[in-house]
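Below is start_33.cif, which holds mmCIF, C-alpha atoms.
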```
data_final
#
loop_
_atom_site.label_atom_id
_atom_site.label_comp_id
_atom_site.auth_asym_id
_atom_site.auth_seq_id
_atom_site.Cartn_x
_atom_site.Cartn_y
_atom_site.Cartn_z
CA MET I 81 9.72 -55.88 -28.86
CA ALA I 82 9.39 -52.27 -29.83
CA LEU I 83 12.73 -51.54 -31.46
CA SER I 84 15.42 -53.51 -33.16
CA ALA I 85 19.02 -52.61 -32.33
CA GLU I 86 19.51 -50.73 -35.63
CA GLN I 87 16.30 -48.82 -35.12
CA GLY I 88 17.49 -47.82 -31.67
CA GLY I 89 20.71 -46.61 -33.19
CA ARG I 90 18.84 -44.68 -35.86
CA LEU I 91 16.61 -43.07 -33.24
CA ALA I 92 19.65 -41.98 -31.24
CA HIS I 93 21.31 -40.70 -34.40
CA LEU I 94 18.23 -38.79 -35.48
CA LEU I 95 17.76 -37.16 -32.09
CA SER I 96 21.41 -36.28 -31.53
CA GLN I 97 21.85 -34.93 -35.08
CA HIS I 98 18.97 -32.50 -34.65
CA ALA I 99 19.45 -32.12 -30.90
CA ASP I 100 18.79 -28.39 -30.58
CA ARG I 101 15.90 -28.34 -32.98
CA SER I 102 14.15 -31.32 -31.45
CA ILE I 103 14.60 -30.07 -27.89
CA ASP I 104 13.27 -26.64 -28.88
CA ARG I 105 10.24 -28.05 -30.63
CA TRP I 106 9.57 -30.55 -27.84
CA THR I 107 9.78 -27.85 -25.15
CA GLU I 108 7.48 -25.64 -27.20
CA ILE I 109 4.75 -28.27 -27.42
CA VAL I 110 4.99 -29.11 -23.70
CA THR I 111 4.96 -25.43 -22.69
CA GLY I 112 1.82 -24.94 -24.74
CA SER I 113 0.08 -27.86 -23.11
CA LEU I 114 0.85 -26.70 -19.56
CA ARG I 115 -0.31 -23.14 -20.23
CA GLY I 116 2.49 -21.42 -18.36
CA ARG I 117 2.21 -23.30 -15.07
CA LEU I 118 5.87 -24.28 -15.30
CA SER I 119 8.55 -21.95 -16.62
CA ARG I 120 9.99 -22.61 -20.06
CA ALA I 121 13.50 -22.88 -18.63
CA GLU I 122 12.40 -25.53 -16.16
CA LEU I 123 10.62 -27.49 -18.91
CA ALA I 124 13.62 -27.15 -21.23
CA ARG I 125 15.81 -28.68 -18.52
CA GLN I 126 13.43 -31.60 -18.08
CA VAL I 127 13.15 -32.16 -21.83
CA GLN I 128 16.94 -32.00 -22.22
CA GLU I 129 17.35 -34.65 -19.58
CA LEU I 130 14.78 -36.89 -21.24
CA HIS I 131 16.42 -36.30 -24.61
CA ARG I 132 19.84 -37.24 -23.26
CA ALA I 133 18.52 -40.39 -21.58
CA LEU I 134 16.69 -41.39 -24.76
CA VAL I 135 19.76 -40.89 -26.95
CA GLU I 136 21.89 -42.93 -24.56
CA ALA I 137 19.30 -45.69 -24.43
CA GLY I 138 19.12 -45.72 -28.23
CA GLN I 139 22.88 -45.95 -28.55
CA GLN I 140 22.97 -48.91 -26.20
CA GLY I 141 20.41 -50.63 -28.40
CA VAL I 142 17.44 -50.61 -26.09
CA SER I 143 14.70 -52.79 -27.54
CA ASP I 144 11.95 -51.77 -25.16
CA LEU I 145 11.55 -49.78 -21.98
CA ALA I 146 11.58 -52.75 -19.62
CA ALA I 147 15.01 -53.84 -20.92
CA GLU I 148 18.14 -53.72 -18.82
CA HIS I 149 19.64 -50.68 -20.55
CA GLY I 150 16.43 -48.73 -20.06
CA GLY I 151 17.21 -48.11 -16.37
CA GLU I 152 18.44 -44.57 -16.83
CA LEU I 153 15.51 -43.67 -19.07
CA ARG I 154 13.04 -45.16 -16.60
CA ALA I 155 14.63 -43.21 -13.75
CA VAL I 156 14.32 -39.92 -15.63
CA LEU I 157 10.70 -40.66 -16.55
CA SER I 158 9.69 -41.64 -13.03
CA GLU I 159 11.34 -38.55 -11.57
CA LEU I 160 9.46 -36.39 -14.04
CA SER I 161 6.07 -37.93 -13.34
CA THR I 162 6.56 -38.10 -9.56
CA ASN I 163 7.39 -34.40 -9.51
CA ARG I 164 4.38 -33.58 -11.65
CA ALA I 165 2.13 -35.65 -9.40
CA ARG I 166 3.36 -33.83 -6.30
CA GLN I 167 2.95 -30.44 -7.99
CA GLY I 168 -0.68 -31.26 -8.69
CA PHE I 169 -0.65 -31.64 -12.49
CA SER I 170 -3.21 -33.92 -14.07
CA ALA I 171 -2.27 -37.26 -15.58
CA THR I 172 -2.94 -35.99 -19.11
CA GLU I 173 -0.69 -32.97 -18.63
CA THR I 174 2.06 -35.26 -17.46
CA ALA I 175 1.68 -37.79 -20.25
CA ILE I 176 1.65 -35.09 -22.95
CA SER I 177 5.23 -34.21 -22.02
CA VAL I 178 6.20 -37.64 -23.30
CA PHE I 179 3.74 -38.00 -26.17
CA ALA I 180 4.93 -34.66 -27.60
CA LEU I 181 8.00 -36.57 -28.72
CA LYS I 182 5.89 -38.21 -31.45
CA ASP I 183 5.17 -34.87 -33.10
CA VAL I 184 8.84 -33.96 -32.88
CA LEU I 185 9.89 -37.24 -34.47
CA LEU I 186 7.29 -36.94 -37.20
CA GLU I 187 8.54 -33.49 -38.16
CA LEU I 188 12.15 -34.63 -38.19
CA MET I 189 11.47 -37.73 -40.24
CA GLU I 190 9.25 -36.08 -42.80
CA GLN I 191 12.32 -34.32 -44.19
CA GLU I 192 14.40 -37.38 -44.91
CA ARG I 193 12.05 -39.97 -46.24
CA GLY I 194 13.62 -43.33 -46.96
CA ASP I 195 12.45 -46.89 -47.46
CA ASP I 196 12.33 -47.69 -43.78
CA THR I 197 10.94 -44.40 -42.58
CA LEU I 198 7.40 -45.62 -41.97
CA ARG I 199 8.57 -48.80 -40.28
CA ASP I 200 10.94 -46.79 -38.09
CA PHE I 201 8.29 -44.29 -37.14
CA VAL I 202 5.88 -47.02 -36.07
CA ALA I 203 8.61 -48.59 -33.96
CA PHE I 204 9.59 -45.26 -32.43
CA SER I 205 5.96 -44.48 -31.59
CA ALA I 206 5.64 -47.86 -29.91
CA LEU I 207 8.56 -46.92 -27.67
CA VAL I 208 7.03 -43.52 -26.95
CA ASP I 209 3.76 -45.26 -26.07
CA GLN I 210 5.61 -47.46 -23.62
CA MET I 211 7.24 -44.41 -22.10
CA GLY I 212 3.85 -42.73 -21.83
CA LEU I 213 2.29 -45.71 -20.10
CA PHE I 214 5.23 -45.93 -17.73
CA THR I 215 4.80 -42.24 -16.87
CA PHE I 216 1.15 -42.84 -16.23
CA GLU I 217 1.81 -45.71 -13.87
CA THR I 218 4.45 -43.82 -11.90
CA PHE I 219 2.14 -40.84 -11.72
CA VAL I 220 -0.66 -42.90 -10.23
CA ARG I 221 1.70 -44.59 -7.79
CA ALA I 222 3.06 -41.23 -6.62
CA ARG I 223 -0.49 -39.94 -6.13
CA GLU I 224 -1.50 -43.05 -4.20
CA SER I 225 1.44 -42.81 -1.84
CA LEU I 226 0.62 -39.13 -1.34
CA ILE I 227 -2.95 -40.05 -0.37
CA ALA I 228 -1.75 -42.82 1.96
CA ASP I 229 0.66 -40.41 3.66
CA GLN I 230 -2.06 -37.84 4.13
CA ALA I 231 -4.49 -40.39 5.56
CA GLU I 232 -1.85 -41.44 8.06
CA GLN I 233 -1.10 -37.85 9.02
CA LEU I 234 -4.80 -37.21 9.48
CA LEU I 235 -5.06 -40.21 11.75
CA GLU I 236 -2.16 -38.90 13.83
CA LEU I 237 -3.52 -35.38 13.92
CA SER I 238 -7.10 -35.97 14.71
CA THR I 239 -6.94 -37.93 17.94
CA PRO I 240 -5.35 -35.92 20.72
CA VAL I 241 -5.96 -36.86 24.34
CA VAL I 242 -5.86 -33.79 26.56
CA LYS I 243 -5.66 -33.45 30.31
CA LEU I 244 -8.50 -31.32 31.67
CA TRP I 245 -7.93 -31.59 35.38
CA GLU I 246 -5.94 -33.66 37.80
CA GLY I 247 -7.17 -37.17 37.07
CA VAL I 248 -9.47 -36.15 34.20
CA VAL I 249 -8.58 -36.59 30.53
CA ALA I 250 -10.68 -35.70 27.49
CA VAL I 251 -10.75 -36.90 23.87
CA PRO I 252 -12.31 -34.37 21.52
CA LEU I 253 -13.35 -36.51 18.55
CA VAL I 254 -13.38 -34.64 15.24
CA GLY I 255 -14.54 -36.13 11.95
CA THR I 256 -16.12 -39.40 10.97
CA LEU I 257 -15.31 -42.31 13.22
CA ASP I 258 -14.51 -45.43 11.21
CA SER I 259 -13.15 -48.69 12.56
CA ALA I 260 -9.48 -47.79 12.03
CA ARG I 261 -9.82 -44.43 13.76
CA ALA I 262 -11.93 -45.85 16.55
CA GLN I 263 -9.20 -48.39 17.22
CA VAL I 264 -6.52 -45.67 17.35
CA VAL I 265 -8.66 -43.50 19.62
CA MET I 266 -9.39 -46.41 21.94
CA GLU I 267 -5.75 -47.46 22.23
CA ARG I 268 -4.51 -43.93 22.77
CA LEU I 269 -7.15 -43.13 25.37
CA LEU I 270 -6.54 -46.31 27.35
CA GLN I 271 -2.78 -45.80 27.22
CA THR I 272 -3.16 -42.22 28.46
CA LEU I 273 -5.36 -43.44 31.31
CA VAL I 274 -2.55 -45.77 32.38
CA ASP I 275 0.22 -43.20 31.89
CA THR I 276 -1.51 -40.42 33.81
CA SER I 277 -3.41 -42.78 36.14
CA SER I 278 -6.55 -40.76 35.56
CA PRO I 279 -9.74 -42.45 36.78
CA TYR I 280 -12.01 -40.29 34.58
CA ALA I 281 -12.20 -39.82 30.82
CA ILE I 282 -14.54 -37.58 28.85
CA ILE I 283 -15.28 -38.50 25.24
CA ASP I 284 -16.48 -35.38 23.45
CA ILE I 285 -18.34 -36.04 20.20
CA THR I 286 -19.11 -32.43 19.26
CA GLY I 287 -17.00 -32.79 16.12
CA VAL I 288 -18.52 -36.07 14.97
CA PRO I 289 -20.90 -35.21 12.10
CA ALA I 290 -23.14 -38.26 12.46
CA VAL I 291 -23.64 -41.04 14.96
CA ASP I 292 -24.89 -44.33 13.56
CA THR I 293 -25.04 -47.72 15.22
CA GLN I 294 -21.46 -48.49 14.21
CA VAL I 295 -20.03 -45.30 15.71
CA ALA I 296 -22.06 -45.88 18.88
CA GLN I 297 -20.72 -49.42 19.01
CA HIS I 298 -17.13 -48.11 18.85
CA ILE I 299 -17.76 -45.59 21.61
CA LEU I 300 -19.45 -48.19 23.80
CA LYS I 301 -16.53 -50.58 23.36
CA THR I 302 -14.11 -47.88 24.43
CA VAL I 303 -16.17 -47.13 27.52
CA VAL I 304 -16.42 -50.80 28.48
CA ALA I 305 -12.66 -51.29 27.99
CA ALA I 306 -11.93 -48.24 30.15
CA ARG I 307 -14.25 -49.61 32.83
CA LEU I 308 -12.42 -52.93 32.78
CA MET I 309 -9.25 -51.01 33.51
CA GLY I 310 -10.89 -49.17 36.36
CA ALA I 311 -11.66 -45.81 34.78
CA ASP I 312 -15.02 -44.19 34.16
CA CYS I 313 -16.05 -42.57 30.88
CA ILE I 314 -18.49 -39.74 30.29
CA ILE I 315 -19.81 -38.94 26.81
CA SER I 316 -20.31 -35.25 26.10
CA GLY I 317 -21.05 -32.90 23.23
CA ILE I 318 -24.24 -34.57 22.07
CA ARG I 319 -25.97 -32.19 19.70
CA PRO I 320 -29.79 -32.06 19.47
CA GLN I 321 -29.95 -33.83 16.09
CA ILE I 322 -27.54 -36.50 17.31
CA ALA I 323 -29.67 -37.09 20.41
CA GLN I 324 -32.70 -37.58 18.15
CA THR I 325 -30.77 -39.98 15.92
CA ILE I 326 -29.58 -41.98 18.91
CA VAL I 327 -33.13 -42.40 20.19
CA ALA I 328 -34.51 -43.14 16.72
CA LEU I 329 -31.89 -45.85 16.17
CA GLY I 330 -32.64 -47.32 19.59
CA ILE I 331 -29.04 -47.07 20.79
CA GLU I 332 -28.79 -47.73 24.52
CA PHE I 333 -26.00 -46.08 26.45
CA GLY I 334 -27.10 -47.90 29.60
CA ASP I 335 -25.59 -46.50 32.78
CA ILE I 336 -22.95 -44.45 30.93
CA ALA I 337 -23.22 -40.79 31.85
CA THR I 338 -24.03 -38.55 28.87
CA LYS I 339 -23.83 -34.76 28.99
CA ALA I 340 -24.79 -32.07 26.51
CA SER I 341 -21.55 -30.12 26.73
CA LEU I 342 -17.95 -30.64 27.76
CA ALA I 343 -18.41 -28.11 30.56
CA ASP I 344 -21.28 -30.13 32.02
CA ALA I 345 -19.21 -33.29 31.83
CA LEU I 346 -16.27 -31.65 33.62
CA ARG I 347 -18.58 -30.29 36.32
CA HIS I 348 -20.07 -33.77 36.74
CA VAL I 349 -16.63 -35.34 37.15
CA LEU I 350 -15.45 -32.66 39.57
CA ARG I 351 -18.52 -33.26 41.69
CA LEU I 352 -17.83 -36.99 41.67
CA THR I 353 -14.24 -36.41 42.80
CA GLY I 354 -15.38 -34.01 45.49
CA VAL I 355 -13.88 -30.87 43.99
CA GLU I 356 -16.06 -27.80 44.45
CA THR I 357 -15.85 -24.72 42.28
CA THR I 358 -16.79 -21.31 43.58
CA ALA I 359 -16.84 -18.00 41.77
CA ARG I 360 -14.58 -15.44 43.38
CA ARG I 361 -15.76 -11.85 43.39
CA ALA I 362 -13.97 -9.95 40.68
CA ARG I 363 -11.28 -7.74 42.13
CA ARG I 364 -11.31 -4.14 40.93
CA GLU I 365 -8.14 -2.20 40.53
CA ALA I 366 -8.43 0.99 42.56
CA MET B 171 4.38 -75.84 41.20
CA GLU B 172 4.53 -72.06 41.35
CA ARG B 173 2.67 -70.26 44.11
CA VAL B 174 1.40 -66.72 43.90
CA PRO B 175 2.60 -64.69 46.92
CA ILE B 176 0.03 -62.88 49.04
CA LEU B 177 1.28 -59.73 50.79
CA LYS B 178 -0.46 -57.97 53.66
CA ILE B 179 -0.46 -54.17 53.66
CA GLY B 180 -2.43 -52.74 56.57
CA ASP B 181 -6.00 -53.89 56.17
CA ILE B 182 -5.47 -55.12 52.61
CA LEU B 183 -4.12 -58.28 51.01
CA LEU B 184 -2.13 -57.70 47.82
CA VAL B 185 -1.92 -60.48 45.26
CA SER B 186 0.44 -59.76 42.38
CA ILE B 187 0.14 -62.34 39.63
CA GLN B 188 3.50 -62.62 37.87
CA VAL B 189 3.27 -66.12 36.40
CA ASP B 190 1.09 -67.82 33.83
CA MET B 191 -1.89 -69.22 35.65
CA SER B 192 -2.53 -72.94 35.45
CA ASP B 193 -5.51 -74.80 36.96
CA GLN B 194 -3.43 -75.91 39.89
CA THR B 195 -1.93 -72.48 40.58
CA ALA B 196 -5.39 -70.93 40.48
CA VAL B 197 -6.90 -73.46 42.91
CA GLN B 198 -3.91 -73.06 45.21
CA LEU B 199 -4.27 -69.27 45.12
CA GLN B 200 -7.96 -69.47 45.99
CA GLU B 201 -7.23 -71.74 48.99
CA ASP B 202 -4.31 -69.63 50.21
CA LEU B 203 -6.26 -66.40 49.87
CA ALA B 204 -9.31 -67.72 51.74
CA GLU B 205 -7.08 -68.90 54.57
CA ARG B 206 -5.21 -65.60 54.75
CA ILE B 207 -8.39 -63.53 54.79
CA VAL B 208 -9.69 -65.55 57.72
CA ALA B 209 -6.31 -65.54 59.51
CA THR B 210 -5.63 -61.81 59.12
CA GLY B 211 -9.19 -60.48 59.17
CA CYS B 212 -8.44 -58.20 56.24
CA HIS B 213 -11.31 -56.44 54.53
CA GLY B 214 -9.80 -55.78 51.13
CA VAL B 215 -8.12 -57.83 48.41
CA ILE B 216 -6.20 -56.24 45.55
CA ILE B 217 -5.29 -58.44 42.60
CA ASP B 218 -2.58 -56.88 40.46
CA ILE B 219 -2.56 -58.18 36.87
CA THR B 220 -0.09 -55.67 35.43
CA ALA B 221 2.23 -58.49 34.41
CA LEU B 222 -0.45 -60.50 32.59
CA ASP B 223 -0.28 -60.23 28.79
CA ILE B 224 -3.28 -62.44 28.25
CA VAL B 225 -6.52 -62.59 30.18
CA ASP B 226 -8.76 -65.31 28.78
CA SER B 227 -12.02 -66.76 29.99
CA PHE B 228 -10.10 -69.03 32.38
CA VAL B 229 -8.36 -66.15 34.16
CA GLY B 230 -11.62 -64.18 34.04
CA ARG B 231 -13.48 -66.98 35.79
CA MET B 232 -10.69 -67.31 38.36
CA LEU B 233 -10.95 -63.60 39.16
CA SER B 234 -14.73 -63.89 39.50
CA THR B 235 -14.37 -66.88 41.82
CA ILE B 236 -11.83 -65.09 44.01
CA ALA B 237 -14.13 -62.06 44.20
CA SER B 238 -17.05 -64.26 45.25
CA ILE B 239 -15.00 -66.11 47.88
CA SER B 240 -13.73 -62.81 49.30
CA LYS B 241 -17.24 -61.40 49.36
CA VAL B 242 -18.44 -64.32 51.46
CA LEU B 243 -15.60 -63.59 53.89
CA ASP B 244 -16.54 -59.88 53.93
CA ALA B 245 -13.60 -58.63 51.92
CA GLU B 246 -13.82 -56.33 48.92
CA THR B 247 -11.93 -57.38 45.77
CA VAL B 248 -10.42 -54.90 43.31
CA VAL B 249 -8.57 -55.94 40.15
CA VAL B 250 -5.88 -53.40 39.25
CA GLY B 251 -3.39 -52.72 36.48
CA MET B 252 -5.18 -54.21 33.52
CA ARG B 253 -3.27 -53.32 30.36
CA PRO B 254 -5.03 -51.48 27.51
CA ALA B 255 -4.39 -54.36 25.09
CA VAL B 256 -5.92 -56.81 27.56
CA ALA B 257 -8.98 -54.60 28.05
CA ILE B 258 -9.47 -54.23 24.29
CA THR B 259 -9.17 -57.99 23.79
CA LEU B 260 -11.71 -58.69 26.53
CA VAL B 261 -14.16 -56.25 24.96
CA GLU B 262 -13.65 -57.70 21.48
CA LEU B 263 -14.25 -61.20 22.89
CA GLY B 264 -17.38 -59.96 24.60
CA LEU B 265 -16.11 -61.06 28.01
CA SER B 266 -17.06 -58.82 30.88
CA LEU B 267 -15.75 -59.37 34.37
CA ASN B 268 -19.11 -59.26 36.11
CA GLY B 269 -19.13 -58.34 39.75
CA ILE B 270 -15.48 -57.33 39.80
CA ARG B 271 -14.40 -53.80 40.67
CA THR B 272 -11.40 -52.43 38.81
CA ALA B 273 -8.88 -49.64 39.35
CA LEU B 274 -6.02 -48.25 37.30
CA ASN B 275 -3.22 -49.06 39.74
CA VAL B 276 -2.57 -50.39 43.23
CA GLU B 277 -2.74 -46.91 44.75
CA ARG B 278 -6.16 -46.22 43.26
CA GLY B 279 -7.28 -49.69 44.30
CA MET B 280 -6.36 -48.97 47.92
CA GLU B 281 -8.22 -45.65 47.76
CA LEU B 282 -11.27 -47.44 46.38
CA ILE B 283 -11.28 -50.02 49.17
CA ALA B 284 -10.72 -47.33 51.81
CA ALA B 285 -13.60 -45.29 50.35
CA SER B 286 -16.01 -48.21 50.32
CA ARG B 287 -15.06 -49.11 53.92
CA THR B 288 -15.76 -45.56 55.13
CA ASP B 289 -19.06 -45.60 53.22
CA ASP B 290 -19.97 -48.75 55.13
CA TRP B 291 -19.05 -47.25 58.49
CA ASP B 292 -20.41 -43.74 58.07
CA GLU B 293 -24.11 -43.88 58.55
CA ALA B 294 -24.53 -40.16 57.87
CA PRO B 295 -23.62 -39.47 54.23
CA GLY B 296 -21.49 -36.54 53.08
CA ASP B 297 -19.07 -34.58 55.24
CA GLU B 298 -18.60 -31.17 53.61
CA ASP B 299 -15.47 -30.30 55.57
CA ALA B 300 -13.38 -32.95 53.85
CA GLU B 301 -14.05 -31.59 50.39
CA THR B 302 -11.30 -29.67 48.70
CA THR B 303 -12.19 -26.33 47.19
CA ALA B 304 -10.91 -25.19 43.84
CA THR B 305 -11.26 -21.67 42.60
CA PRO B 306 -11.30 -21.02 38.89
#
```

Output the file's structure as structure tokens, nothing else.
Amino acid sequence: MALSAEQGGRLAHLLSQHADRSIDRWTEIVTGSLRGRLSRAELARQVQELHRALVEAGQQGVSDLAAEHGGELRAVLSELSTNRARQGFSATETAISVFALKDVLLELMEQERGDDTLRDFVAFSALVDQMGLFTFETFVRARESLIADQAEQLLELSTPVVKLWEGVVAVPLVGTLDSARAQVVMERLLQTLVDTSSPYAIIDITGVPAVDTQVAQHILKTVVAARLMGADCIISGIRPQIAQTIVALGIEFGDIATKASLADALRHVLRLTGVETTARRARREA
Amino acid sequence: MERVPILKIGDILLVSIQVDMSDQTAVQLQEDLAERIVATGCHGVIIDITALDIVDSFVGRMLSTIASISKVLDAETVVVGMRPAVAITLVELGLSLNGIRTALNVERGMELIAASRTDDWDEAPGDEDAETTATP
């Protein structure tokens, strides 16, 4: 337990008695630590809110942050740290906003020394520590959810299936192909084959930085699954270094057609489907 | 016991599997199909598995057996309408339907059978006139 009920009361009293002074000093320290990346007015508003929540919590006799009455205080703290996390501040910069309260309290209490002052200060700092830790945790959680969101968006973004010709679809793979992405690519490609009833698919690996045995395995699985459904796959966009790696690793593509460029692959498919392309003489405007 | 209906469309027999296959249903289907191929003299069999959620080794073997029987009776077998999830599962299990031709849907399956029949009949390969021309 960080605070007794009387100590909570005394904390609230102390902070509300010197409200303006403490808020000013607090804002000053925080502004200094952030080196002008947030405006003073904005910080003052945040500090005021924290101050108010802290005074209220103290008046209700909060013993520690996890207590029932601490709800409001926790909400203010988590909003503060979530915002900071989204704005790209570091964890230290966020935590300092809370730990600055210690300096403020020390300055306030130095003036009216009593018997219990030291005991009170230790208790108050314990509460501030708890608040700091809580801020830290919320900060990390906000960052983690941000990363998870981005990973998901990337997964959505990076696997388009495009229609190249009547009955021909292509998947331009960009980026490293791990198991999760390979699964998404495979499902989306197969579903597109069904939806568009295209008998040919071109998998273009120009954007894949490296092909190891695992990536090859994923591609092969996709091709075999497409074949089971009655569609044929062509692999294109194999760069010179990748071709060397494939041979060095002993990866066998078997009877799967491989082409150097997407254009070659499309020409190959068009020939298979009996479509012939001819160049028309360029017409000149008279 | 449920029986799988066998429909005749032109030169092709269409088998659409809509029920869960049991041993008995499978054996019955094989017998029925063999009889129908002989009776109608059809040269193509299309097995539609669009409605099947699960294709396990049992169904895989049944499809292989039907393909072999049809082959003996000079009929081409094409399995059509396999769902993506089914295909992925088969690949993950390492099951491959050896000796079975596949197509995306019934229409493509019929084209495939028609194409392979003309290949059989046309001794001279390639007729340029039939090819469509696309201009970029």

Contact residues (chain I, partner chain B, 6 Å, all atoms listed in the file) as an MDAnalysis selection string:
chainID I and resid 270 305 309:310 354:358

Could you tell me how far atom CA of I:Val178 lies from atom CA of I:Thr162, in Å and to one decimal?
13.8 Å

To one decimal in Å, tell me the separation between atom CA of I:Ser84 and atom CA of I:Ile103.
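Spanning atom CA of I:Ser84 to atom CA of I:Ile103 is a straight-line distance of 24.0 Å.
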
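Closest approach to B:Leu199 among B:Ile176, B:Asp290, B:Gly269, B:Gly230 is made by B:Ile176 (distances from all atoms listed in the file).
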
Once the PyMOL selection byres ((chain B and resi 207) around 12) has been applied to the shown file, what residues remain in the selection, as a PyMOL selection string?
chain B and resi 176-178+181-185+199-206+208-216+236+239-247

Could the residues in this selection be saved with C-alpha atoms as a PDB file, keeping the file's coordinate frame?
```
ATOM      1  CA  ILE B 176       0.030 -62.880  49.040  1.00  0.00           C
ATOM      2  CA  LEU B 177       1.280 -59.730  50.790  1.00  0.00           C
ATOM      3  CA  LYS B 178      -0.460 -57.970  53.660  1.00  0.00           C
ATOM      4  CA  ASP B 181      -6.000 -53.890  56.170  1.00  0.00           C
ATOM      5  CA  ILE B 182      -5.470 -55.120  52.610  1.00  0.00           C
ATOM      6  CA  LEU B 183      -4.120 -58.280  51.010  1.00  0.00           C
ATOM      7  CA  LEU B 184      -2.130 -57.700  47.820  1.00  0.00           C
ATOM      8  CA  VAL B 185      -1.920 -60.480  45.260  1.00  0.00           C
ATOM      9  CA  LEU B 199      -4.270 -69.270  45.120  1.00  0.00           C
ATOM     10  CA  GLN B 200      -7.960 -69.470  45.990  1.00  0.00           C
ATOM     11  CA  GLU B 201      -7.230 -71.740  48.990  1.00  0.00           C
ATOM     12  CA  ASP B 202      -4.310 -69.630  50.210  1.00  0.00           C
ATOM     13  CA  LEU B 203      -6.260 -66.400  49.870  1.00  0.00           C
ATOM     14  CA  ALA B 204      -9.310 -67.720  51.740  1.00  0.00           C
ATOM     15  CA  GLU B 205      -7.080 -68.900  54.570  1.00  0.00           C
ATOM     16  CA  ARG B 206      -5.210 -65.600  54.750  1.00  0.00           C
ATOM     17  CA  VAL B 208      -9.690 -65.550  57.720  1.00  0.00           C
ATOM     18  CA  ALA B 209      -6.310 -65.540  59.510  1.00  0.00           C
ATOM     19  CA  THR B 210      -5.630 -61.810  59.120  1.00  0.00           C
ATOM     20  CA  GLY B 211      -9.190 -60.480  59.170  1.00  0.00           C
ATOM     21  CA  CYS B 212      -8.440 -58.200  56.240  1.00  0.00           C
ATOM     22  CA  HIS B 213     -11.310 -56.440  54.530  1.00  0.00           C
ATOM     23  CA  GLY B 214      -9.800 -55.780  51.130  1.00  0.00           C
ATOM     24  CA  VAL B 215      -8.120 -57.830  48.410  1.00  0.00           C
ATOM     25  CA  ILE B 216      -6.200 -56.240  45.550  1.00  0.00           C
ATOM     26  CA  ILE B 236     -11.830 -65.090  44.010  1.00  0.00           C
ATOM     27  CA  ILE B 239     -15.000 -66.110  47.880  1.00  0.00           C
ATOM     28  CA  SER B 240     -13.730 -62.810  49.300  1.00  0.00           C
ATOM     29  CA  LYS B 241     -17.240 -61.400  49.360  1.00  0.00           C
ATOM     30  CA  VAL B 242     -18.440 -64.320  51.460  1.00  0.00           C
ATOM     31  CA  LEU B 243     -15.600 -63.590  53.890  1.00  0.00           C
ATOM     32  CA  ASP B 244     -16.540 -59.880  53.930  1.00  0.00           C
ATOM     33  CA  ALA B 245     -13.600 -58.630  51.920  1.00  0.00           C
ATOM     34  CA  GLU B 246     -13.820 -56.330  48.920  1.00  0.00           C
ATOM     35  CA  THR B 247     -11.930 -57.380  45.770  1.00  0.00           C
TER      36      THR B 247
END
```

Evaluate the PyMOL selection byres ((chain I and resi 175) around 9) against this structure - the residues, as a PDB file with C-alpha atoms, in the frame of the given file, please.
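As written to disk, expr_16.pdb reads:
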```pdb
ATOM      1  CA  SER I 161       6.070 -37.930 -13.340  1.00  0.00           C
ATOM      2  CA  SER I 170      -3.210 -33.920 -14.070  1.00  0.00           C
ATOM      3  CA  ALA I 171      -2.270 -37.260 -15.580  1.00  0.00           C
ATOM      4  CA  THR I 172      -2.940 -35.990 -19.110  1.00  0.00           C
ATOM      5  CA  GLU I 173      -0.690 -32.970 -18.630  1.00  0.00           C
ATOM      6  CA  THR I 174       2.060 -35.260 -17.460  1.00  0.00           C
ATOM      7  CA  ILE I 176       1.650 -35.090 -22.950  1.00  0.00           C
ATOM      8  CA  SER I 177       5.230 -34.210 -22.020  1.00  0.00           C
ATOM      9  CA  VAL I 178       6.200 -37.640 -23.300  1.00  0.00           C
ATOM     10  CA  PHE I 179       3.740 -38.000 -26.170  1.00  0.00           C
ATOM     11  CA  ALA I 180       4.930 -34.660 -27.600  1.00  0.00           C
ATOM     12  CA  MET I 211       7.240 -44.410 -22.100  1.00  0.00           C
ATOM     13  CA  GLY I 212       3.850 -42.730 -21.830  1.00  0.00           C
ATOM     14  CA  LEU I 213       2.290 -45.710 -20.100  1.00  0.00           C
ATOM     15  CA  THR I 215       4.800 -42.240 -16.870  1.00  0.00           C
ATOM     16  CA  PHE I 216       1.150 -42.840 -16.230  1.00  0.00           C
TER      17      PHE I 216
END
```

May I ask for the distance between atom CA of I:Glu152 and atom CA of I:Arg125, given in Å to one decimal place?
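It comes out at 16.2 Å.
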
Between I:Glu148, I:Asp196, I:Glu129, I:Asp183, which is the closest to I:Val110 once you count all atoms listed in the file?
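Smallest separation from I:Val110 among the options: I:Asp183.
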
Of the candidates I:Arg115, I:Leu123, I:Glu236, I:Asp312, which one gets nearest to I:Thr353 if we count only C-alpha atoms?
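So, comparing all the options, the nearest one is I:Asp312.
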
Evaluate the PyMOL selection byres ((chain I and resi 324-332) around 12) here and jot the selected residues down as an MDAnalysis selection string.
chainID I and resid 289:297 299:300 318:323 333:338

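Closest approach to B:Glu172 among B:Ser238, B:Thr220, B:Gln198, B:Ser286: B:Gln198, based on all atoms listed in the file.
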
Just need the box for stretch 275-282 of chain B, edges along x, y and z, holding every atom the file lists for it with 3 Å tacked onto each side, so centre and edge lengths in Å to one decimal, as JSON.
```
{"center_x": -6.9, "center_y": -48.0, "center_z": 43.8, "size_x": 14.7, "size_y": 10.7, "size_z": 14.2}
```

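Closest to I:Phe204 among I:Gln167, I:Gln128, I:Gln87, I:Gln97 is I:Gln87, based on only C-alpha atoms.
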